[in-house]
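Peer 1: Input file: model21.txt. Contents: compact mmCIF, C-alpha atoms and all ligand atoms.
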# COMPACT_ATOMS: atom_id res chain seq x y z
CA MET A 1 61.35 39.23 -99.83
CA GLY A 2 62.82 36.38 -97.90
CA PHE A 3 64.68 38.62 -95.48
CA ARG A 4 66.60 36.92 -92.70
CA PHE A 5 66.14 39.91 -90.34
CA ASP A 6 63.38 42.41 -89.78
CA VAL A 7 65.60 45.09 -88.25
CA VAL A 8 69.38 45.35 -87.84
CA GLY A 9 70.78 48.19 -85.71
CA VAL A 10 74.13 49.82 -86.47
CA GLY A 11 75.58 52.19 -83.89
CA ALA A 12 77.89 52.90 -80.98
CA LEU A 13 77.44 50.92 -77.75
CA ASN A 14 77.85 52.82 -74.49
CA LEU A 15 77.34 52.60 -70.81
CA ASP A 16 75.27 55.66 -69.88
CA SER A 17 75.38 56.77 -66.30
CA ILE A 18 74.17 59.77 -64.35
CA ALA A 19 75.54 60.34 -60.84
CA PRO A 20 75.95 63.14 -58.32
CA VAL A 21 79.52 64.42 -58.12
CA SER A 22 81.20 62.83 -55.12
CA PRO A 23 84.15 64.44 -53.29
CA ALA A 24 86.20 61.42 -54.39
CA ALA A 25 85.30 62.00 -58.03
CA LYS A 26 86.15 65.70 -57.68
CA ALA A 27 89.57 64.88 -56.26
CA LEU A 28 90.20 62.27 -58.92
CA LEU A 29 89.25 64.51 -61.83
CA ARG A 30 90.90 67.72 -60.59
CA GLY A 31 92.88 69.26 -63.40
CA SER A 32 91.76 66.75 -66.03
CA VAL A 33 88.20 67.92 -66.77
CA ALA A 34 86.53 71.28 -67.26
CA TRP A 35 83.53 71.31 -64.88
CA GLY A 36 80.21 72.07 -66.52
CA ALA A 37 81.48 71.14 -69.97
CA GLU A 38 81.69 68.02 -72.09
CA GLY A 39 85.05 66.37 -72.41
CA ARG A 40 86.63 63.26 -73.82
CA VAL A 41 88.54 61.23 -71.27
CA GLY A 42 90.77 58.16 -71.37
CA ALA A 43 89.92 54.66 -70.20
CA ALA A 44 91.78 54.88 -66.88
CA THR A 45 90.05 58.14 -65.91
CA VAL A 46 86.56 56.98 -66.77
CA ASP A 47 87.09 53.59 -65.11
CA ALA A 48 88.23 55.27 -61.89
CA ALA A 49 85.44 57.84 -62.03
CA MET A 50 82.85 55.05 -62.42
CA ARG A 51 84.24 53.35 -59.32
CA THR A 52 83.99 56.51 -57.21
CA VAL A 53 80.34 57.15 -58.12
CA GLN A 54 79.08 53.57 -58.13
CA GLY A 55 76.20 53.01 -55.78
CA ALA A 56 75.30 56.70 -55.86
CA ALA A 57 74.40 56.63 -59.56
CA VAL A 58 70.77 57.51 -60.22
CA ARG A 59 70.82 55.92 -63.63
CA VAL A 60 73.08 53.24 -65.06
CA ALA A 61 71.98 51.79 -68.38
CA VAL A 62 73.52 50.25 -71.43
CA GLY A 63 72.79 52.63 -74.25
CA GLY A 64 73.88 54.04 -77.51
CA SER A 65 71.12 55.25 -79.77
CA ALA A 66 70.75 52.13 -81.96
CA TYR A 67 71.05 49.84 -78.92
CA ASN A 68 68.15 51.71 -77.30
CA THR A 69 66.08 51.21 -80.43
CA ILE A 70 66.87 47.49 -80.69
CA ASN A 71 66.22 47.06 -76.95
CA ALA A 72 62.76 48.60 -77.34
CA LEU A 73 62.07 46.48 -80.44
CA ALA A 74 63.03 43.33 -78.54
CA HIS A 75 60.51 44.20 -75.82
CA ILE A 76 57.36 44.79 -77.87
CA ASP A 77 56.76 41.05 -78.42
CA ALA A 78 56.09 41.40 -82.12
CA GLY A 79 58.28 38.43 -83.01
CA LEU A 80 60.75 40.65 -84.85
CA ARG A 81 64.04 39.08 -85.95
CA LEU A 82 66.78 41.47 -84.84
CA GLY A 83 70.52 41.90 -85.36
CA TYR A 84 73.23 44.35 -84.32
CA VAL A 85 76.45 45.57 -85.95
CA GLY A 86 78.87 47.35 -83.64
CA VAL A 87 81.83 46.85 -81.32
CA ALA A 88 81.29 45.59 -77.78
CA GLY A 89 83.94 46.47 -75.20
CA ARG A 90 84.07 45.62 -71.49
CA LEU A 91 81.43 47.37 -69.37
CA PRO A 92 82.81 49.29 -66.35
CA VAL A 93 80.05 47.82 -64.16
CA PRO A 94 79.38 44.31 -62.86
CA GLY A 95 76.98 42.09 -64.73
CA THR A 96 76.47 40.47 -68.10
CA PRO A 97 78.77 41.64 -70.92
CA LEU A 98 77.27 43.55 -73.86
CA ALA A 99 77.19 40.65 -76.33
CA GLY A 100 75.42 38.49 -73.73
CA ARG A 101 72.89 41.24 -73.08
CA LEU A 102 72.08 41.48 -76.78
CA ARG A 103 71.72 37.71 -77.06
CA ALA A 104 69.50 37.64 -73.97
CA LEU A 105 67.23 40.07 -75.83
CA GLY A 106 67.10 37.61 -78.73
CA VAL A 107 69.33 39.79 -80.90
CA ASP A 108 71.72 38.10 -83.34
CA THR A 109 75.36 39.02 -82.69
CA GLY A 110 76.98 37.35 -85.71
CA MET A 111 78.40 40.69 -86.92
CA LEU A 112 79.10 42.20 -83.49
CA ARG A 113 82.81 42.54 -82.83
CA ASP A 114 83.69 41.57 -79.27
CA GLU A 115 86.62 43.42 -77.64
CA PRO A 116 86.49 42.16 -74.03
CA ARG A 117 89.93 43.57 -73.17
CA GLU A 118 89.02 47.10 -74.16
CA LEU A 119 86.69 49.42 -72.24
CA SER A 120 83.30 49.96 -73.85
CA GLY A 121 82.06 53.40 -74.76
CA VAL A 122 81.10 55.30 -71.60
CA CYS A 123 79.03 58.41 -71.16
CA LEU A 124 79.16 59.55 -67.54
CA SER A 125 77.13 62.56 -66.54
CA LEU A 126 78.21 64.07 -63.22
CA VAL A 127 75.62 66.38 -61.70
CA GLU A 128 76.21 69.07 -59.09
CA ASP A 129 73.75 71.84 -58.23
CA GLY A 130 71.98 71.34 -61.55
CA GLU A 131 75.26 71.69 -63.44
CA ARG A 132 76.22 68.76 -65.58
CA THR A 133 79.72 67.61 -66.51
CA LEU A 134 79.81 65.02 -69.24
CA LEU A 135 82.71 62.57 -69.49
CA VAL A 136 82.72 60.81 -72.83
CA HIS A 137 84.94 57.86 -73.62
CA PRO A 138 84.49 56.35 -77.10
CA GLY A 139 86.39 53.20 -76.11
CA ALA A 140 85.87 50.10 -78.23
CA ASN A 141 83.52 52.01 -80.58
CA ASP A 142 86.63 53.55 -82.15
CA ARG A 143 87.31 50.14 -83.72
CA MET A 144 84.15 50.25 -85.82
CA ALA A 145 85.79 51.58 -88.99
CA ALA A 146 88.41 48.81 -88.85
CA HIS A 147 85.68 46.24 -88.15
CA LEU A 148 83.74 47.40 -91.22
CA GLU A 149 86.83 47.41 -93.40
CA VAL A 150 87.95 43.92 -92.37
CA GLU A 151 84.43 42.45 -92.63
CA PHE A 152 83.19 44.65 -95.48
CA GLU A 153 81.67 41.92 -97.65
CA ALA A 154 80.22 40.01 -94.72
CA VAL A 155 78.63 43.14 -93.23
CA VAL A 156 77.14 44.12 -96.60
CA GLU A 157 75.66 40.63 -96.92
CA TYR A 158 74.34 40.74 -93.34
CA LEU A 159 72.67 44.13 -93.77
CA SER A 160 71.30 43.21 -97.19
CA ALA A 161 69.44 40.38 -95.46
CA ALA A 162 67.50 42.92 -93.37
CA ARG A 163 64.12 44.43 -94.20
CA ILE A 164 65.17 47.58 -92.30
CA VAL A 165 68.62 48.83 -91.28
CA HIS A 166 68.63 51.48 -88.55
CA VAL A 167 71.82 53.56 -88.37
CA THR A 168 73.03 55.89 -85.61
CA SER A 169 76.23 57.77 -84.88
CA PHE A 170 79.84 57.07 -83.90
CA LEU A 171 82.25 59.66 -82.54
CA ASP A 172 85.34 59.05 -84.67
CA GLN A 173 86.00 60.59 -88.09
CA LEU A 174 86.57 57.41 -90.05
CA THR A 175 83.45 55.35 -89.31
CA PRO A 176 80.97 57.53 -91.25
CA VAL A 177 83.23 57.32 -94.31
CA VAL A 178 83.36 53.51 -94.30
CA LEU A 179 79.72 53.21 -93.22
CA ALA A 180 78.58 55.28 -96.21
CA ASP A 181 80.46 52.86 -98.49
CA VAL A 182 78.92 49.86 -96.73
CA LEU A 183 75.38 51.25 -97.02
CA ALA A 184 75.83 52.25 -100.67
CA ALA A 185 76.83 48.63 -101.35
CA VAL A 186 73.77 47.41 -99.41
CA ARG A 187 71.55 49.67 -101.52
CA GLU A 188 73.04 48.09 -104.68
CA ARG A 189 72.67 44.55 -103.45
CA SER A 190 69.25 44.90 -101.84
CA PRO A 191 67.23 47.90 -103.08
CA GLU A 192 64.20 46.77 -101.03
CA THR A 193 66.09 47.14 -97.76
CA VAL A 194 64.77 50.27 -96.07
CA LEU A 195 67.37 52.49 -94.46
CA SER A 196 66.46 54.51 -91.38
CA PHE A 197 68.93 57.08 -90.04
CA ASP A 198 68.99 58.92 -86.72
CA PRO A 199 72.18 61.03 -86.83
CA GLY A 200 71.76 62.72 -83.43
CA HIS A 201 73.03 66.22 -82.82
CA VAL A 202 76.78 65.64 -83.16
CA TRP A 203 76.52 64.12 -86.63
CA ALA A 204 73.75 66.49 -87.74
CA ALA A 205 75.92 69.48 -86.83
CA SER A 206 79.17 67.98 -88.16
CA GLY A 207 78.81 69.36 -91.69
CA SER A 208 80.75 66.32 -92.82
CA ALA A 209 80.41 64.90 -96.33
CA PRO A 210 80.01 61.24 -95.26
CA VAL A 211 77.17 62.18 -92.87
CA THR A 212 75.44 63.99 -95.75
CA ALA A 213 75.98 60.87 -97.86
CA LEU A 214 74.33 58.75 -95.16
CA ALA A 215 71.37 61.16 -94.93
CA THR A 216 71.04 61.02 -98.73
CA LEU A 217 70.96 57.21 -98.75
CA ALA A 218 68.35 57.04 -95.97
CA ASP A 219 64.67 56.40 -96.64
CA HIS A 220 63.79 57.83 -93.21
CA VAL A 221 65.85 60.62 -91.64
CA LEU A 222 64.81 61.10 -88.00
CA LEU A 223 65.50 64.52 -86.49
CA ASN A 224 64.46 66.82 -83.69
CA GLU A 225 64.10 70.51 -84.41
CA ARG A 226 67.71 71.44 -83.62
CA GLU A 227 69.04 68.56 -85.70
CA LEU A 228 66.90 69.55 -88.69
CA GLN A 229 68.33 73.05 -88.59
CA ALA A 230 71.85 71.70 -88.22
CA LEU A 231 71.59 69.14 -91.01
CA GLY A 232 69.52 71.23 -93.42
CA THR A 233 71.65 74.32 -92.76
CA THR A 234 69.48 77.38 -92.04
CA GLY A 235 65.97 78.48 -92.95
CA ASP A 236 62.54 77.25 -91.93
CA ASP A 237 61.53 73.57 -91.62
CA THR A 238 60.40 73.34 -95.21
CA TRP A 239 63.58 74.79 -96.58
CA ALA A 240 65.76 72.58 -94.38
CA ALA A 241 63.80 69.39 -95.19
CA ASP A 242 63.89 70.23 -98.88
CA ARG A 243 67.69 70.50 -98.75
CA ILE A 244 67.87 66.96 -97.39
CA LEU A 245 65.29 65.50 -99.79
CA ARG A 246 66.44 67.22 -102.99
CA VAL A 247 68.82 64.33 -103.61
CA GLY A 248 68.55 60.57 -103.17
CA ARG A 249 65.94 58.08 -104.35
CA PRO A 250 62.22 58.91 -104.46
CA GLY A 251 59.92 58.19 -101.53
CA ARG A 252 62.33 59.34 -98.83
CA PHE A 253 61.00 60.97 -95.65
CA VAL A 254 62.32 63.46 -93.13
CA HIS A 255 60.67 63.18 -89.69
CA VAL A 256 60.80 66.23 -87.45
CA LYS A 257 59.97 65.26 -83.84
CA ARG A 258 58.43 67.71 -81.41
CA PRO A 259 56.41 67.23 -78.21
CA ALA A 260 53.24 68.40 -80.02
CA GLY A 261 53.71 65.88 -82.81
CA VAL A 262 55.81 64.78 -85.76
CA THR A 263 55.96 66.48 -89.14
CA THR A 264 56.92 64.25 -92.06
CA PHE A 265 58.26 65.72 -95.28
CA THR A 266 58.55 63.96 -98.60
CA ARG A 267 59.08 65.05 -102.18
CA SER A 268 56.57 64.40 -104.86
CA GLY A 269 58.17 65.46 -108.12
CA PRO A 270 59.19 69.09 -107.70
CA LEU A 271 56.85 69.54 -104.71
CA LEU A 272 57.66 69.12 -101.06
CA ARG A 273 54.77 67.62 -99.12
CA ALA A 274 54.47 68.12 -95.38
CA ARG A 275 52.11 66.27 -93.06
CA PHE A 276 51.68 66.97 -89.37
CA HIS A 277 50.84 64.01 -87.12
CA PRO A 278 49.63 65.58 -83.85
CA GLN A 279 49.72 64.08 -80.36
CA HIS A 280 48.89 65.18 -76.83
CA PRO A 281 52.30 66.00 -75.30
CA VAL A 282 53.17 64.36 -71.99
CA PRO A 283 52.91 67.15 -69.38
CA VAL A 284 56.44 68.23 -68.40
CA GLU A 285 55.90 67.39 -64.73
CA ARG A 286 55.15 63.77 -65.68
CA VAL A 287 58.34 63.28 -67.71
CA VAL A 288 60.68 61.04 -65.70
CA ASP A 289 63.54 60.42 -68.15
CA ALA A 290 63.74 61.84 -71.68
CA THR A 291 67.14 60.30 -72.50
CA GLY A 292 66.72 57.96 -75.44
CA ALA A 293 63.07 58.90 -76.05
CA GLY A 294 63.85 59.60 -79.69
CA ASP A 295 65.38 56.13 -79.99
CA VAL A 296 62.09 54.63 -78.85
CA TYR A 297 60.32 56.71 -81.52
CA ALA A 298 62.59 55.03 -84.08
CA ALA A 299 61.67 51.61 -82.64
CA GLY A 300 57.94 52.28 -83.04
CA LEU A 301 58.36 53.57 -86.57
CA VAL A 302 60.46 50.65 -87.80
CA ALA A 303 58.35 48.03 -85.99
CA ALA A 304 55.29 49.32 -87.80
CA LEU A 305 57.06 49.52 -91.16
CA ALA A 306 58.53 46.03 -90.73
CA GLY A 307 54.98 44.75 -90.24
CA GLY A 308 53.83 46.39 -93.46
CA ALA A 309 52.09 49.44 -91.96
CA GLY A 310 52.06 52.79 -93.73
CA LEU A 311 53.87 55.94 -92.75
CA HIS A 312 51.09 57.54 -90.70
CA ASP A 313 50.59 54.41 -88.59
CA GLY A 314 54.36 54.11 -88.15
CA VAL A 315 54.55 57.66 -86.86
CA ARG A 316 51.61 56.97 -84.53
CA LEU A 317 53.28 53.89 -83.03
CA GLY A 318 56.55 55.80 -82.68
CA MET A 319 54.84 58.60 -80.80
CA ALA A 320 52.80 56.24 -78.60
CA MET A 321 55.89 54.28 -77.57
CA THR A 322 57.80 57.53 -76.94
CA ARG A 323 55.09 58.87 -74.64
CA HIS A 324 55.23 55.60 -72.70
CA LYS A 325 59.04 55.75 -72.45
CA LEU A 326 59.04 59.35 -71.19
CA VAL A 327 57.24 58.44 -67.96
CA HIS A 328 59.75 55.70 -67.01
CA LEU A 329 63.42 55.72 -66.01
CA ALA A 330 65.75 54.24 -68.67
CA ASP A 331 64.07 51.04 -69.93
CA ALA A 332 62.12 50.29 -66.75
CA GLY A 333 58.84 50.78 -68.60
CA HIS A 334 59.67 48.40 -71.45
CA PRO A 335 57.65 45.48 -70.03
CA GLY A 336 54.64 47.71 -70.76
CA LEU A 337 55.53 48.09 -74.46
CA PRO A 338 53.57 45.01 -75.67
CA ALA A 339 50.38 46.62 -74.37
CA VAL A 340 51.22 49.85 -76.20
CA PHE A 341 51.89 47.83 -79.36
CA ARG A 342 48.61 45.90 -79.09
CA ALA A 343 46.61 49.08 -78.50
CA TRP A 344 48.19 50.53 -81.63
CA GLN A 345 47.39 47.38 -83.63
CA ASP A 346 43.75 47.63 -82.57
CA GLY A 347 43.60 51.22 -83.76
CA ALA A 348 45.85 50.89 -86.80
CA THR A 349 44.26 51.81 -90.09
CA PRO A 350 45.63 50.71 -93.47
CA ASP A 351 47.57 53.47 -95.19
CA PRO A 352 46.11 54.42 -98.57
CA SER A 353 49.47 55.45 -100.03
N1 LIG A 401 56.56 66.14 -73.30
C1 LIG A 401 56.65 65.37 -74.39
N2 LIG A 401 55.53 64.73 -74.85
C2 LIG A 401 55.61 63.92 -75.93
N3 LIG A 401 56.74 63.70 -76.62
C3 LIG A 401 57.85 64.32 -76.22
C4 LIG A 401 57.88 65.18 -75.08
N4 LIG A 401 59.15 65.64 -74.92
C5 LIG A 401 59.89 65.07 -75.90
N5 LIG A 401 59.12 64.29 -76.68
C6 LIG A 401 59.56 63.47 -77.80
O1 LIG A 401 60.74 62.79 -77.39
C7 LIG A 401 61.58 62.58 -78.50
C8 LIG A 401 62.99 63.10 -78.23
O2 LIG A 401 63.78 62.78 -79.33
P1 LIG A 401 65.27 63.29 -79.43
O3 LIG A 401 65.27 64.76 -79.36
O4 LIG A 401 65.87 62.63 -80.60
O5 LIG A 401 65.86 62.75 -78.05
P2 LIG A 401 66.98 61.68 -77.74
O6 LIG A 401 67.98 61.79 -78.84
O7 LIG A 401 67.52 62.09 -76.40
O8 LIG A 401 66.32 60.36 -77.68
C9 LIG A 401 60.92 63.21 -79.68
O9 LIG A 401 60.21 62.20 -80.38
C10 LIG A 401 59.96 64.23 -79.03
O10 LIG A 401 58.89 64.52 -79.86
MG MG A 402 67.76 61.72 -80.82
Could you render the structure from this file as structure tokens?
Peer 2:
Amino acid sequence: MGFRFDVVGVGALNLDSIAPVSPAAKALLRGSVAWGAEGRVGAATVDAAMRTVQGAAVRVAVGGSAYNTINALAHIDAGLRLGYVGVAGRLPVPGTPLAGRLRALGVDTGMLRDEPRELSGVCLSLVEDGERTLLVHPGANDRMAAHLEVEFEAVVEYLSAARIVHVTSFLDQLTPVVLADVLAAVRERSPETVLSFDPGHVWAASGSAPVTALATLADHVLLNERELQALGTTGDDTWAADRILRVGRPGRFVHVKRPAGVTTFTRSGPLLRARFHPQHPVPVERVVDATGAGDVYAAGLVAALAGGAGLHDGVRLGMAMTRHKLVHLADAGHPGLPAVFRAWQDGATPDPS
């Protein structure tokens, strides 16, 4: 009780952009990228590439999985007290810097490290004839492990003051190691703090020990079908979920997200219990932008849990907000989230568990 924050997000911060390949971009990148693949590029390359496609970009949005979740939470008008732990570099587009954007959303930035001289994370998707080339630049996010090490005690205290901590991935090898230590210390200091974890595909498929440690600490592990298979090794859903839930404290949940609904798994003694929460999928032809839809699911889930709702109602709000997000580009539909939230509140039923 007496938490200072309702939800604190922890994750990489990126500029996400999708643009058609321009002749200028092609010339610039000749020899340095493999077309049709995903490649890491340096700051100078990504900065120059952003300049050649600017104006033509069909989507430019600040992102990063946890940022997307916090952004959605800030928009639902539920009076949630929010914070963010990450590293903010310089955005390669005009406009308000990252820290200012978070503060404008009402998000506390006391544990955000500002690196204005370094380029932020950038994820630039260049599209040509349906083929997609992804340029990934981790940028300032690569300083996260150092940030956590230097501020270890302060970050532990900050996160321990949160009702819910929502954790998403970083690209470097060191951050998950330090982050697992940080979150283990948070668990010690504040056992009531609920940990939600959305590893995404790269972490789920990494097979790395610190990612497994993070999944074991988490009270809610949020996965799509591919990620469940990757994180739980092989086998059917039940087998994979059981692998994840066999360890860790009681009352943990694995959420498996599919268009037809979400299946939650939890262990009750030696038994694994599964519950399917169905929904009407959004027809494919109505989906405008699916990028970050899972992050909006996380926002709905944690908003409901922060308000004291039970698991089923949390899943329902997550799915309702996701369906709303899918029919809008980036966060253009977010002004409509308060109405989605209110409709959910009107239909929310107390959870018996
Ligand atoms: N047509 C659809 N109707 C309803 N929900 C959908 C549809 N397509 C995808 N979803 C939901 O969108 C979310 C995508 O999550 P995820 O795979 O983690 O994507 P991302 O990581 O890009 O945000 C899941 O919650 C999934 O159930
Ligand atoms: Mg996802």
Peer 1: Can you build me a table of chain A residues sitting at most 10 Å from ligand LIG 401 (chain A), with the closest atom pair per residue and its distance in Å to one decimal, using only C-alpha atoms and all ligand atoms, sorted by chain and residue number, as a tab-separated table?
Peer 2:
residue	atom	partner	partner_atom	distance
A:Gly64	CA	A:LIG401	O6	9.8
A:Ser65	CA	A:LIG401	O6	7.3
A:Asn68	CA	A:LIG401	O8	8.8
A:Thr69	CA	A:LIG401	O8	9.6
A:Asp198	CA	A:LIG401	O4	7.8
A:Pro199	CA	A:LIG401	O4	9.0
A:Gly200	CA	A:LIG401	O6	6.0
A:His201	CA	A:LIG401	O6	7.8
A:Leu222	CA	A:LIG401	O4	7.6
A:Leu223	CA	A:LIG401	O4	6.2
A:Asn224	CA	A:LIG401	O3	4.9
A:Glu225	CA	A:LIG401	O3	7.7
A:Arg226	CA	A:LIG401	O3	8.3
A:Glu227	CA	A:LIG401	O3	8.3
A:His255	CA	A:LIG401	O9	9.4
A:Val256	CA	A:LIG401	O10	8.0
A:Lys257	CA	A:LIG401	O10	4.2
A:Arg258	CA	A:LIG401	O10	3.6
A:Pro259	CA	A:LIG401	C3	3.8
A:Ala260	CA	A:LIG401	C2	6.5
A:Gly261	CA	A:LIG401	O10	6.1
A:Val262	CA	A:LIG401	O10	6.7
A:Thr263	CA	A:LIG401	O10	9.9
A:Gln279	CA	A:LIG401	C2	7.4
A:His280	CA	A:LIG401	C2	6.9
A:Pro281	CA	A:LIG401	N2	3.5
A:Val282	CA	A:LIG401	N2	3.7
A:Pro283	CA	A:LIG401	N1	5.5
A:Val284	CA	A:LIG401	N1	5.3
A:Glu285	CA	A:LIG401	N1	8.7
A:Arg286	CA	A:LIG401	N1	8.1
A:Val287	CA	A:LIG401	N1	6.5
A:Asp289	CA	A:LIG401	O7	9.3
A:Ala290	CA	A:LIG401	O7	6.1
A:Thr291	CA	A:LIG401	O7	4.3
A:Gly292	CA	A:LIG401	O8	3.3
A:Ala293	CA	A:LIG401	O8	3.9
A:Gly294	CA	A:LIG401	O2	3.2
A:Asp295	CA	A:LIG401	O8	4.9
A:Val296	CA	A:LIG401	O8	7.2
A:Tyr297	CA	A:LIG401	O9	5.6
A:Ala298	CA	A:LIG401	O9	8.4
A:Val315	CA	A:LIG401	O9	9.7
A:Gly318	CA	A:LIG401	O9	7.7
A:Met319	CA	A:LIG401	O9	6.5
A:Ala320	CA	A:LIG401	C2	8.6
A:Met321	CA	A:LIG401	O9	9.4
A:Thr322	CA	A:LIG401	O1	6.0
A:Arg323	CA	A:LIG401	C2	5.2
A:His324	CA	A:LIG401	C2	8.9
A:Lys325	CA	A:LIG401	O1	8.8
A:Leu326	CA	A:LIG401	C4	7.1
A:Val327	CA	A:LIG401	N1	9.4
Peer 1: If we count only C-alpha atoms, what is near Arg252 of chain A at a cut-off of 7 Å, once residues fewer than 3 positions away on the same chain are taken out, given as a ChimeraX atom specification?
Peer 2: /A:219-220,245,249,266
Peer 1: Do a neighbour search on Ser120 of chain A at 6 Å with only C-alpha atoms, toss out local chain neighbours closer than 6 positions, and write the hits as an MDAnalysis selection string.
Peer 2: chainID A and resid 89:91 139:140
Peer 1: Would you work out the distance separating atom CA of Asn141 of chain A from atom CA of Leu171 of chain A, expressed in Å to one decimal?
Peer 2: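 Distance reported for this atom pair: 8.0 Å.
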Peer 1: For Arg59 of chain A, which residue among A:Leu134, A:Ala240, A:Ile18, A:Ala34 is the nearest when counting all atoms listed in the file?
Peer 2: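 Checking each candidate against Arg59 of chain A, we get A:Ile18 as the closest.
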Peer 1: Expressed in Å to a single decimal, how great is the separation between atom CA of Arg101 of chain A and atom CA of Tyr67 of chain A?
Peer 2: 10.6 Å
Peer 1: Mind checking which residues fall within 12 Å of segment 306-310 of chain A, counting all atoms listed in the file, ignoring those fewer than 6 positions away in the same chain, and posting them as number ranges by chain?
Peer 2: A: 1, 3, 5-8, 73, 78-82, 162-166, 192-196, 298-300, 316-317, 341, 344-345, 347-353
Peer 1: Could you check the closest approach to ligand MG 402 (chain A) for each of A:Val85, A:Ala66, A:Leu112, A:Ala332 and tell me which residue wins, using all atoms listed in the file?
Peer 2: A:Ala66
Peer 1: Edge lengths and centre in Å to one decimal, as JSON, of the axis-aligned box that encloses all listed atoms of segment 333-347 of chain A with 6 Å added on every side?
Peer 2:
{"center_x": 51.6, "center_y": 48.1, "center_z": -76.2, "size_x": 28.1, "size_y": 18.2, "size_z": 27.2}
Peer 1: Quick one: distance from atom CA of Gly39 of chain A to atom CA of Val122 of chain A in Å, one decimal?
Peer 2: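 Interatomic distance, atom CA of Gly39 of chain A to atom CA of Val122 of chain A: 11.8 Å.
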Peer 1: Which residue gives the smallest distance to ligand MG 402 (chain A) among A:Trp35, A:Phe253, A:Tyr84, A:Trp203, with only C-alpha atoms and all ligand atoms counted?
Peer 2: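 Of A:Trp35, A:Phe253, A:Tyr84, A:Trp203, the one nearest ligand MG 402 (chain A) is A:Trp203, counting only C-alpha atoms and all ligand atoms.
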Peer 1: Go through A:Val10, A:Leu119, A:Gly333, A:Leu231 one by one, measure the shortest atom-to-atom distance of each to Gly83 of chain A using only C-alpha atoms, and give the residue with the smallest value.
Peer 2: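 Closest candidate: A:Val10.
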